[in-house]
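model31.csv (CSV, C-alpha atoms and all ligand atoms)
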```csv
chain,number,residue,atom,x,y,z
A,1,MET,CA,-57.4,37.2,-42.3
A,2,LYS,CA,-56.1,35.7,-45.6
A,3,SER,CA,-53.1,33.5,-46.5
A,4,ALA,CA,-50.2,34.4,-48.8
A,5,ILE,CA,-47.0,32.7,-49.8
A,6,THR,CA,-43.8,34.3,-51.2
A,7,LEU,CA,-42.6,33.8,-54.8
A,8,SER,CA,-39.1,35.2,-55.5
A,9,GLN,CA,-37.5,35.8,-58.9
A,10,VAL,CA,-34.4,37.4,-57.5
A,11,PRO,CA,-31.2,35.2,-58.0
A,12,GLU,CA,-29.3,37.3,-55.4
A,13,ALA,CA,-31.9,36.3,-52.8
A,14,ALA,CA,-31.8,32.6,-53.6
A,15,ALA,CA,-30.8,31.9,-50.0
A,16,GLY,CA,-33.5,34.2,-48.6
A,17,PRO,CA,-36.7,33.5,-46.7
A,18,PHE,CA,-38.9,33.0,-49.8
A,19,VAL,CA,-40.8,29.7,-50.4
A,20,PHE,CA,-40.9,29.4,-54.2
A,21,HIS,CA,-38.0,30.4,-56.4
A,22,GLU,CA,-38.9,28.4,-59.6
A,23,PRO,CA,-40.4,30.1,-62.7
A,24,LEU,CA,-43.5,32.1,-61.9
A,25,THR,CA,-45.9,29.8,-63.7
A,26,GLU,CA,-44.8,26.9,-61.4
A,27,GLY,CA,-44.8,29.2,-58.3
A,28,PHE,CA,-48.4,30.3,-58.9
A,29,ALA,CA,-49.5,26.7,-59.6
A,30,SER,CA,-47.9,25.5,-56.4
A,31,ALA,CA,-49.5,28.3,-54.3
A,32,ALA,CA,-52.9,27.4,-55.8
A,33,LYS,CA,-52.4,23.7,-55.3
A,34,HIS,CA,-51.7,24.2,-51.6
A,35,GLY,CA,-54.8,26.4,-51.2
A,36,TYR,CA,-53.3,29.8,-50.6
A,37,ASP,CA,-55.5,32.9,-51.1
A,38,SER,CA,-52.7,35.0,-52.6
A,39,VAL,CA,-49.0,35.4,-53.4
A,40,GLU,CA,-46.5,37.9,-52.2
A,41,LEU,CA,-44.0,38.8,-55.0
A,42,PHE,CA,-40.3,39.5,-54.8
A,43,PHE,CA,-39.0,40.7,-58.2
A,44,PRO,CA,-35.7,42.2,-59.4
A,45,GLY,CA,-37.5,45.4,-60.3
A,46,PRO,CA,-40.6,46.9,-61.9
A,47,ASP,CA,-39.7,45.9,-65.4
A,48,PHE,CA,-39.2,42.2,-64.7
A,49,ILE,CA,-42.7,41.3,-66.0
A,50,THR,CA,-45.8,43.2,-67.1
A,51,VAL,CA,-48.8,43.9,-64.9
A,52,ASP,CA,-51.0,42.1,-67.5
A,53,GLU,CA,-48.8,39.0,-67.3
A,54,VAL,CA,-49.1,38.9,-63.5
A,55,ASN,CA,-52.8,39.5,-63.6
A,56,ALA,CA,-53.2,36.7,-66.1
A,57,LEU,CA,-51.3,34.3,-63.8
A,58,ALA,CA,-53.4,35.4,-60.8
A,59,ALA,CA,-56.7,34.9,-62.8
A,60,GLU,CA,-55.6,31.5,-64.1
A,61,HIS,CA,-54.9,30.2,-60.6
A,62,ASP,CA,-57.6,32.2,-58.8
A,63,LEU,CA,-55.0,33.9,-56.5
A,64,GLY,CA,-54.8,37.5,-55.2
A,65,ILE,CA,-51.6,39.5,-55.0
A,66,ALA,CA,-51.0,40.4,-51.4
A,67,ALA,CA,-47.9,42.7,-51.8
A,68,VAL,CA,-44.8,43.3,-53.7
A,69,GLY,CA,-41.4,43.6,-52.0
A,70,THR,CA,-38.7,46.2,-52.8
A,71,GLY,CA,-35.7,44.4,-51.3
A,72,ALA,CA,-34.1,43.8,-54.7
A,73,GLY,CA,-33.3,47.5,-54.7
A,74,MET,CA,-30.8,46.7,-51.9
A,75,VAL,CA,-29.7,43.1,-52.6
A,76,LYS,CA,-29.4,43.7,-56.4
A,77,HIS,CA,-28.8,47.4,-56.8
A,78,GLY,CA,-27.3,48.4,-53.5
A,79,LEU,CA,-29.8,51.2,-52.9
A,80,SER,CA,-31.0,52.6,-49.6
A,81,LEU,CA,-33.1,55.5,-48.5
A,82,THR,CA,-30.5,56.5,-45.8
A,83,ASP,CA,-27.4,56.3,-47.9
A,84,PRO,CA,-25.0,59.2,-47.3
A,85,ASP,CA,-24.9,59.9,-51.1
A,86,PRO,CA,-27.9,61.9,-52.1
A,87,SER,CA,-27.9,60.5,-55.7
A,88,ILE,CA,-28.2,56.9,-54.2
A,89,ARG,CA,-31.0,58.1,-51.9
A,90,LYS,CA,-32.8,59.5,-55.0
A,91,LYS,CA,-32.3,56.3,-57.0
A,92,ALA,CA,-33.6,54.3,-54.0
A,93,LEU,CA,-36.8,56.4,-53.8
A,94,ASP,CA,-37.3,56.3,-57.6
A,95,PHE,CA,-37.0,52.5,-57.4
A,96,ILE,CA,-39.5,52.3,-54.6
A,97,LEU,CA,-42.0,54.7,-56.4
A,98,GLN,CA,-41.8,52.4,-59.5
A,99,MET,CA,-42.5,49.4,-57.3
A,100,ILE,CA,-45.4,51.2,-55.7
A,101,ASP,CA,-46.8,51.9,-59.2
A,102,PHE,CA,-46.3,48.3,-60.2
A,103,GLY,CA,-48.0,47.0,-57.1
A,104,GLY,CA,-50.7,49.7,-57.3
A,105,GLN,CA,-51.7,48.6,-60.8
A,106,LEU,CA,-52.1,45.1,-59.4
A,107,GLY,CA,-54.1,46.6,-56.5
A,108,CYS,CA,-51.6,45.7,-53.8
A,109,PRO,CA,-49.1,47.6,-51.6
A,110,ALA,CA,-45.3,47.6,-51.8
A,111,ILE,CA,-43.1,46.8,-48.8
A,112,LEU,CA,-40.1,48.7,-47.5
A,113,GLY,CA,-37.7,46.3,-45.7
A,114,SER,CA,-34.0,46.2,-46.3
A,115,MET,CA,-34.0,49.4,-48.5
A,116,GLN,CA,-34.5,51.5,-45.3
A,117,GLY,CA,-30.8,51.0,-44.7
A,118,LYS,CA,-28.9,51.8,-41.6
A,119,TRP,CA,-27.3,54.8,-39.8
A,120,GLY,CA,-23.6,55.1,-39.0
A,121,GLY,CA,-20.4,56.7,-40.2
A,122,ASP,CA,-21.1,60.3,-41.3
A,123,VAL,CA,-24.9,59.7,-40.9
A,124,SER,CA,-26.4,60.2,-37.5
A,125,ARG,CA,-29.5,58.2,-36.4
A,126,GLY,CA,-31.5,61.4,-36.4
A,127,GLN,CA,-30.5,62.3,-39.9
A,128,ALA,CA,-31.2,58.8,-41.2
A,129,LEU,CA,-34.7,58.8,-39.6
A,130,GLN,CA,-35.4,62.2,-41.1
A,131,TRP,CA,-34.5,61.1,-44.6
A,132,LEU,CA,-36.6,58.0,-44.1
A,133,ALA,CA,-39.6,60.0,-42.9
A,134,GLU,CA,-39.3,62.3,-45.9
A,135,ALA,CA,-39.2,59.3,-48.3
A,136,LEU,CA,-42.1,57.6,-46.4
A,137,LYS,CA,-44.2,60.8,-46.9
A,138,VAL,CA,-43.7,60.6,-50.7
A,139,ALA,CA,-44.2,56.9,-50.8
A,140,GLY,CA,-47.5,57.1,-48.7
A,141,GLU,CA,-48.8,59.7,-51.1
A,142,ALA,CA,-47.9,57.7,-54.2
A,143,ALA,CA,-49.5,54.6,-52.8
A,144,GLY,CA,-52.6,56.5,-51.9
A,145,LYS,CA,-53.1,57.4,-55.6
A,146,HIS,CA,-53.6,53.7,-56.2
A,147,GLY,CA,-55.9,53.3,-53.2
A,148,VAL,CA,-53.4,51.2,-51.3
A,149,ALA,CA,-51.1,51.8,-48.3
A,150,PHE,CA,-47.3,51.6,-48.2
A,151,ILE,CA,-45.9,49.0,-45.8
A,152,TYR,CA,-42.9,49.8,-43.6
A,153,GLU,CA,-41.2,46.9,-41.9
A,154,PRO,CA,-39.2,47.2,-38.6
A,155,LEU,CA,-36.3,44.7,-38.9
A,156,ASN,CA,-34.2,42.9,-36.3
A,157,ARG,CA,-31.0,44.5,-35.1
A,158,TYR,CA,-28.8,42.5,-37.4
A,159,GLU,CA,-30.5,44.0,-40.5
A,160,THR,CA,-31.1,47.6,-39.4
A,161,ASN,CA,-30.3,49.9,-36.5
A,162,LEU,CA,-33.1,52.3,-37.3
A,163,ILE,CA,-36.4,50.8,-36.0
A,164,ASN,CA,-36.4,47.3,-34.5
A,165,HIS,CA,-39.8,47.3,-32.6
A,166,LEU,CA,-43.4,47.6,-33.7
A,167,ALA,CA,-44.2,50.2,-31.0
A,168,GLU,CA,-41.3,52.4,-32.1
A,169,GLY,CA,-42.6,52.1,-35.7
A,170,ALA,CA,-46.1,53.2,-34.5
A,171,LYS,CA,-44.6,56.2,-32.6
A,172,TYR,CA,-42.5,57.2,-35.6
A,173,ILE,CA,-45.5,57.2,-37.9
A,174,GLU,CA,-47.5,59.3,-35.4
A,175,ASP,CA,-44.6,61.7,-34.5
A,176,ASN,CA,-43.9,62.4,-38.2
A,177,ASN,CA,-47.6,62.5,-39.3
A,178,LEU,CA,-46.9,59.8,-41.9
A,179,GLU,CA,-50.2,59.2,-43.7
A,180,ASN,CA,-51.0,56.0,-45.5
A,181,ILE,CA,-48.1,54.1,-44.0
A,182,VAL,CA,-48.8,50.8,-42.2
A,183,LEU,CA,-46.4,48.5,-40.3
A,184,LEU,CA,-45.3,45.0,-41.2
A,185,ALA,CA,-45.3,42.7,-38.2
A,186,ASP,CA,-42.7,40.1,-39.3
A,187,LEU,CA,-42.9,37.5,-36.5
A,188,PHE,CA,-39.3,36.4,-37.1
A,189,HIS,CA,-37.9,39.8,-36.5
A,190,MET,CA,-40.3,40.3,-33.6
A,191,ASN,CA,-39.2,37.0,-32.0
A,192,ILE,CA,-35.7,38.5,-31.7
A,193,GLU,CA,-36.7,42.0,-30.6
A,194,GLU,CA,-40.0,42.1,-28.7
A,195,SER,CA,-40.4,41.0,-25.1
A,196,ASP,CA,-43.9,39.8,-26.0
A,197,ILE,CA,-45.0,39.6,-29.6
A,198,ALA,CA,-48.8,39.6,-28.9
A,199,GLN,CA,-48.5,42.5,-26.6
A,200,ALA,CA,-46.4,44.4,-29.2
A,201,ILE,CA,-49.2,43.9,-31.7
A,202,ILE,CA,-51.8,45.1,-29.3
A,203,ASP,CA,-49.7,48.2,-28.4
A,204,ALA,CA,-49.2,49.0,-32.1
A,205,GLY,CA,-53.0,49.0,-32.4
A,206,LYS,CA,-54.4,50.0,-35.8
A,207,HIS,CA,-50.9,50.5,-37.4
A,208,THR,CA,-50.3,46.8,-38.4
A,209,GLY,CA,-51.1,46.4,-42.1
A,210,HIS,CA,-49.3,43.2,-43.0
A,211,VAL,CA,-47.9,40.1,-41.3
A,212,HIS,CA,-45.0,37.8,-42.2
A,213,PHE,CA,-46.1,34.7,-40.5
A,214,ALA,CA,-42.8,33.0,-39.7
A,215,ASP,CA,-41.8,30.8,-36.8
A,216,SER,CA,-39.0,31.7,-34.4
A,217,ASN,CA,-36.3,30.1,-36.6
A,218,ARG,CA,-37.9,31.6,-39.8
A,219,ASN,CA,-39.2,28.3,-40.9
A,220,ALA,CA,-42.9,27.6,-41.6
A,221,MET,CA,-45.1,28.2,-38.5
A,222,GLY,CA,-45.1,25.1,-36.4
A,223,MET,CA,-41.4,24.3,-37.1
A,224,GLY,CA,-40.0,26.5,-34.4
A,225,HIS,CA,-41.1,27.6,-30.9
A,226,THR,CA,-43.4,30.6,-31.5
A,227,ASP,CA,-46.9,30.1,-30.0
A,228,SER,CA,-49.2,31.6,-32.7
A,229,ALA,CA,-52.4,31.4,-30.7
A,230,PRO,CA,-51.9,34.6,-28.6
A,231,ILE,CA,-50.6,36.4,-31.7
A,232,ILE,CA,-53.7,35.6,-33.7
A,233,ALA,CA,-55.8,36.7,-30.7
A,234,ALA,CA,-53.9,40.0,-30.6
A,235,LEU,CA,-54.4,40.5,-34.4
A,236,LYS,CA,-58.1,39.9,-34.0
A,237,GLN,CA,-58.2,42.3,-31.0
A,238,VAL,CA,-56.7,45.2,-33.1
A,239,GLY,CA,-59.1,44.4,-35.9
A,240,TYR,CA,-56.5,43.1,-38.4
A,241,THR,CA,-58.0,41.6,-41.5
A,242,GLY,CA,-55.0,41.5,-43.8
A,243,TYR,CA,-52.6,38.7,-44.9
A,244,LEU,CA,-50.7,36.1,-43.0
A,245,SER,CA,-47.8,35.7,-45.5
A,246,ALA,CA,-45.3,32.9,-45.6
A,247,GLU,CA,-42.0,34.8,-45.8
A,248,VAL,CA,-40.1,31.8,-44.5
A,249,PHE,CA,-37.2,29.5,-45.5
A,250,PRO,CA,-38.3,26.7,-47.9
A,251,LYS,CA,-37.4,23.9,-45.4
A,252,PRO,CA,-37.2,21.0,-45.5
A,253,ASP,CA,-38.2,21.8,-49.2
A,254,ALA,CA,-40.5,24.3,-50.7
A,255,GLN,CA,-43.5,21.9,-51.1
A,256,ALA,CA,-43.3,20.6,-47.5
A,257,CYS,CA,-42.8,24.1,-46.2
A,258,ALA,CA,-45.9,25.4,-48.2
A,259,ALA,CA,-48.0,22.5,-46.9
A,260,GLN,CA,-46.9,23.1,-43.2
A,261,GLU,CA,-47.5,26.8,-43.4
A,262,ILE,CA,-51.0,26.6,-44.9
A,263,LYS,CA,-51.9,23.9,-42.3
A,264,ALA,CA,-50.6,26.2,-39.5
A,265,ILE,CA,-52.6,29.2,-40.9
A,266,LYS,CA,-55.8,27.2,-41.2
A,267,GLU,CA,-55.4,25.8,-37.6
A,268,ALA,CA,-54.5,29.3,-36.2
A,269,LEU,CA,-57.6,30.9,-37.8
A,270,ALA,CA,-60.0,28.0,-37.1
A,301,LIG,C1,-38.2,41.4,-45.6
A,301,LIG,O1,-39.6,41.3,-45.5
A,301,LIG,C2,-37.5,41.0,-44.4
A,301,LIG,O2,-38.1,40.5,-43.5
A,301,LIG,C3,-36.0,41.1,-44.4
A,301,LIG,O3,-35.5,40.3,-43.3
A,301,LIG,C4,-35.3,40.8,-45.6
A,301,LIG,O4,-34.0,41.2,-45.5
A,302,MN,MN,-40.2,40.2,-43.5
```
Representation of the structure as structure tokens:
Amino acid sequence: MKSAITLSQVPEAAAGPFVFHEPLTEGFASAAKHGYDSVELFFPGPDFITVDEVNALAAEHDLGIAAVGTGAGMVKHGLSLTDPDPSIRKKALDFILQMIDFGGQLGCPAILGSMQGKWGGDVSRGQALQWLAEALKVAGEAAGKHGVAFIYEPLNRYETNLINHLAEGAKYIEDNNLENIVLLADLFHMNIEESDIAQAIIDAGKHTGHVHFADSNRNAMGMGHTDSAPIIAALKQVGYTGYLSAEVFPKPDAQACAAQEIKAIKEALA
């Protein structure tokens, strides 16, 4: 398993669970200084910066790119894949496909979190899940052209009412024959929803493709009450070799958070 840390450039997400919000040159330098293997990028959209510029920063600091988020499509542009308005759903999918291409050119997957939306009002749960599956089919194919997967993230109940558990996500992928879609095990969401985080990872088996390594309070691991040992054992048991990514609040400050998280990752993997 490899370490990653989040760099956000989205002003609307200034209070979100991302460690470094300063200009990218500083964020990359800080990630490298703390000894991370890679960065996870949260950008306003696919045109924020060129692929060449990101590759140059990665090469300069000897960092990989773990993944790119798509959440700005929701927090900045109000787009979701399950919006009742078909034109919004189309814009949402277009945004995601552009982020898949952006990430794909960097050799990394894109993540679907908040842009999955919610069901309610005129939209039934079944209808929303059908729209989501149709979009995931297209996204999985588009990602496959770049030789990467597309990452779907079950969220806690306060952020979506679609899929809140890893096992539900695994069943949804299988029932809908979704190819090239992997699940994101965000330990913060799982702490709220799962009865046993490690067992949930074991039950989801091969489907986990990315991990947000957050403690129970969404601070750096070691600052809450999640026991990471059985979770790491479960990830090893299912053959997970991907990233443990610091999608956490920058508390008490970004530098101390980054230091605590890499210490926790190293200890957990030792
Ligand atoms: C995104 O990775 C996530 O975990 C969400 O909680 C952001 O809204
Ligand atoms: Mn997450």
Test item: residues lying within 7 Å of ligand MN 302 (chain A) with only C-alpha atoms and all ligand atoms, as a list in words: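 Counting only what the definition allows, namely only C-alpha atoms and all ligand atoms, the set is Gly113, Glu153, Asp186, His212 and Glu247 of chain A.
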Would you mind listing, for every residue of chain A within 10 Å of ligand LIG 301 (chain A), the two atoms forming the shortest contact and the distance between them in Å to one decimal, using only C-alpha atoms and all ligand atoms, sorted by chain and ascending residue number, as JSON lines?
```
{"residue": "A:Thr6", "atom": "CA", "partner": "A:LIG301", "partner_atom": "O1", "distance": 10.0}
{"residue": "A:Ala13", "atom": "CA", "partner": "A:LIG301", "partner_atom": "O4", "distance": 9.0}
{"residue": "A:Gly16", "atom": "CA", "partner": "A:LIG301", "partner_atom": "C4", "distance": 7.5}
{"residue": "A:Pro17", "atom": "CA", "partner": "A:LIG301", "partner_atom": "C4", "distance": 7.5}
{"residue": "A:Phe18", "atom": "CA", "partner": "A:LIG301", "partner_atom": "O1", "distance": 9.4}
{"residue": "A:Phe42", "atom": "CA", "partner": "A:LIG301", "partner_atom": "O1", "distance": 9.5}
{"residue": "A:Val68", "atom": "CA", "partner": "A:LIG301", "partner_atom": "O1", "distance": 9.9}
{"residue": "A:Gly69", "atom": "CA", "partner": "A:LIG301", "partner_atom": "O1", "distance": 7.1}
{"residue": "A:Thr70", "atom": "CA", "partner": "A:LIG301", "partner_atom": "C1", "distance": 8.7}
{"residue": "A:Gly71", "atom": "CA", "partner": "A:LIG301", "partner_atom": "C4", "distance": 6.8}
{"residue": "A:Ala72", "atom": "CA", "partner": "A:LIG301", "partner_atom": "O4", "distance": 9.6}
{"residue": "A:Met74", "atom": "CA", "partner": "A:LIG301", "partner_atom": "O4", "distance": 9.0}
{"residue": "A:Val75", "atom": "CA", "partner": "A:LIG301", "partner_atom": "O4", "distance": 8.5}
{"residue": "A:Ile111", "atom": "CA", "partner": "A:LIG301", "partner_atom": "O1", "distance": 7.3}
{"residue": "A:Leu112", "atom": "CA", "partner": "A:LIG301", "partner_atom": "O1", "distance": 7.7}
{"residue": "A:Gly113", "atom": "CA", "partner": "A:LIG301", "partner_atom": "C1", "distance": 4.9}
{"residue": "A:Ser114", "atom": "CA", "partner": "A:LIG301", "partner_atom": "O4", "distance": 5.1}
{"residue": "A:Met115", "atom": "CA", "partner": "A:LIG301", "partner_atom": "O4", "distance": 8.7}
{"residue": "A:Ile151", "atom": "CA", "partner": "A:LIG301", "partner_atom": "O1", "distance": 10.0}
{"residue": "A:Tyr152", "atom": "CA", "partner": "A:LIG301", "partner_atom": "O1", "distance": 9.3}
{"residue": "A:Glu153", "atom": "CA", "partner": "A:LIG301", "partner_atom": "O1", "distance": 6.8}
{"residue": "A:Pro154", "atom": "CA", "partner": "A:LIG301", "partner_atom": "O2", "distance": 8.4}
{"residue": "A:Leu155", "atom": "CA", "partner": "A:LIG301", "partner_atom": "O3", "distance": 6.3}
{"residue": "A:Asn156", "atom": "CA", "partner": "A:LIG301", "partner_atom": "O3", "distance": 7.6}
{"residue": "A:Tyr158", "atom": "CA", "partner": "A:LIG301", "partner_atom": "O3", "distance": 9.2}
{"residue": "A:Glu159", "atom": "CA", "partner": "A:LIG301", "partner_atom": "O4", "distance": 6.7}
{"residue": "A:Thr160", "atom": "CA", "partner": "A:LIG301", "partner_atom": "O4", "distance": 9.3}
{"residue": "A:Leu184", "atom": "CA", "partner": "A:LIG301", "partner_atom": "O1", "distance": 8.0}
{"residue": "A:Ala185", "atom": "CA", "partner": "A:LIG301", "partner_atom": "O2", "distance": 9.2}
{"residue": "A:Asp186", "atom": "CA", "partner": "A:LIG301", "partner_atom": "O2", "distance": 6.2}
{"residue": "A:Leu187", "atom": "CA", "partner": "A:LIG301", "partner_atom": "O2", "distance": 9.0}
{"residue": "A:Phe188", "atom": "CA", "partner": "A:LIG301", "partner_atom": "O2", "distance": 7.7}
{"residue": "A:His189", "atom": "CA", "partner": "A:LIG301", "partner_atom": "O2", "distance": 7.0}
{"residue": "A:Val211", "atom": "CA", "partner": "A:LIG301", "partner_atom": "O1", "distance": 9.4}
{"residue": "A:His212", "atom": "CA", "partner": "A:LIG301", "partner_atom": "O1", "distance": 7.2}
{"residue": "A:Ala214", "atom": "CA", "partner": "A:LIG301", "partner_atom": "O2", "distance": 9.6}
{"residue": "A:Arg218", "atom": "CA", "partner": "A:LIG301", "partner_atom": "O2", "distance": 9.6}
{"residue": "A:Ser245", "atom": "CA", "partner": "A:LIG301", "partner_atom": "O1", "distance": 9.9}
{"residue": "A:Glu247", "atom": "CA", "partner": "A:LIG301", "partner_atom": "O1", "distance": 6.9}
{"residue": "A:Val248", "atom": "CA", "partner": "A:LIG301", "partner_atom": "O2", "distance": 9.0}
```
Nearby residues, (-35.0, 58.9, -53.5) file frame, 12 Å, only C-alpha atoms, as number ranges by chain: A: 73, 79-98, 115-116, 131-139
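Coordinates place CA of Thr241 (chain A) at a distance of 26.3 Å from CA of Ala254 (chain A).
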Could you give me, as a list in words, the residues that sit within 12 Å of (-41.5, 51.5, -31.1) in the file's coordinates, counting only C-alpha atoms? Glu153, Pro154, Leu155, Leu162, Ile163, Asn164, His165, Leu166, Ala167, Glu168, Gly169, Ala170, Lys171, Tyr172, Ile173, Glu174, Asp175, Leu183, Ala185, Met190, Glu193, Glu194, Ala200, Ile201, Asp203, Ala204, Gly205 and His207 of chain A
Quick one: of A:Val182, A:Leu244, A:Cys108, A:Ala264, who's nearest to Gly209 (chain A), counting only C-alpha atoms?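 Closest candidate: A:Val182.
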Give me the residues near Ala198 (chain A) as a ChimeraX atom specification, where near means some atom within 7 Å (using all atoms listed in the file) and where sequence neighbours in that chain fewer than 3 positions away do not count. /A:201-202,230-231,234
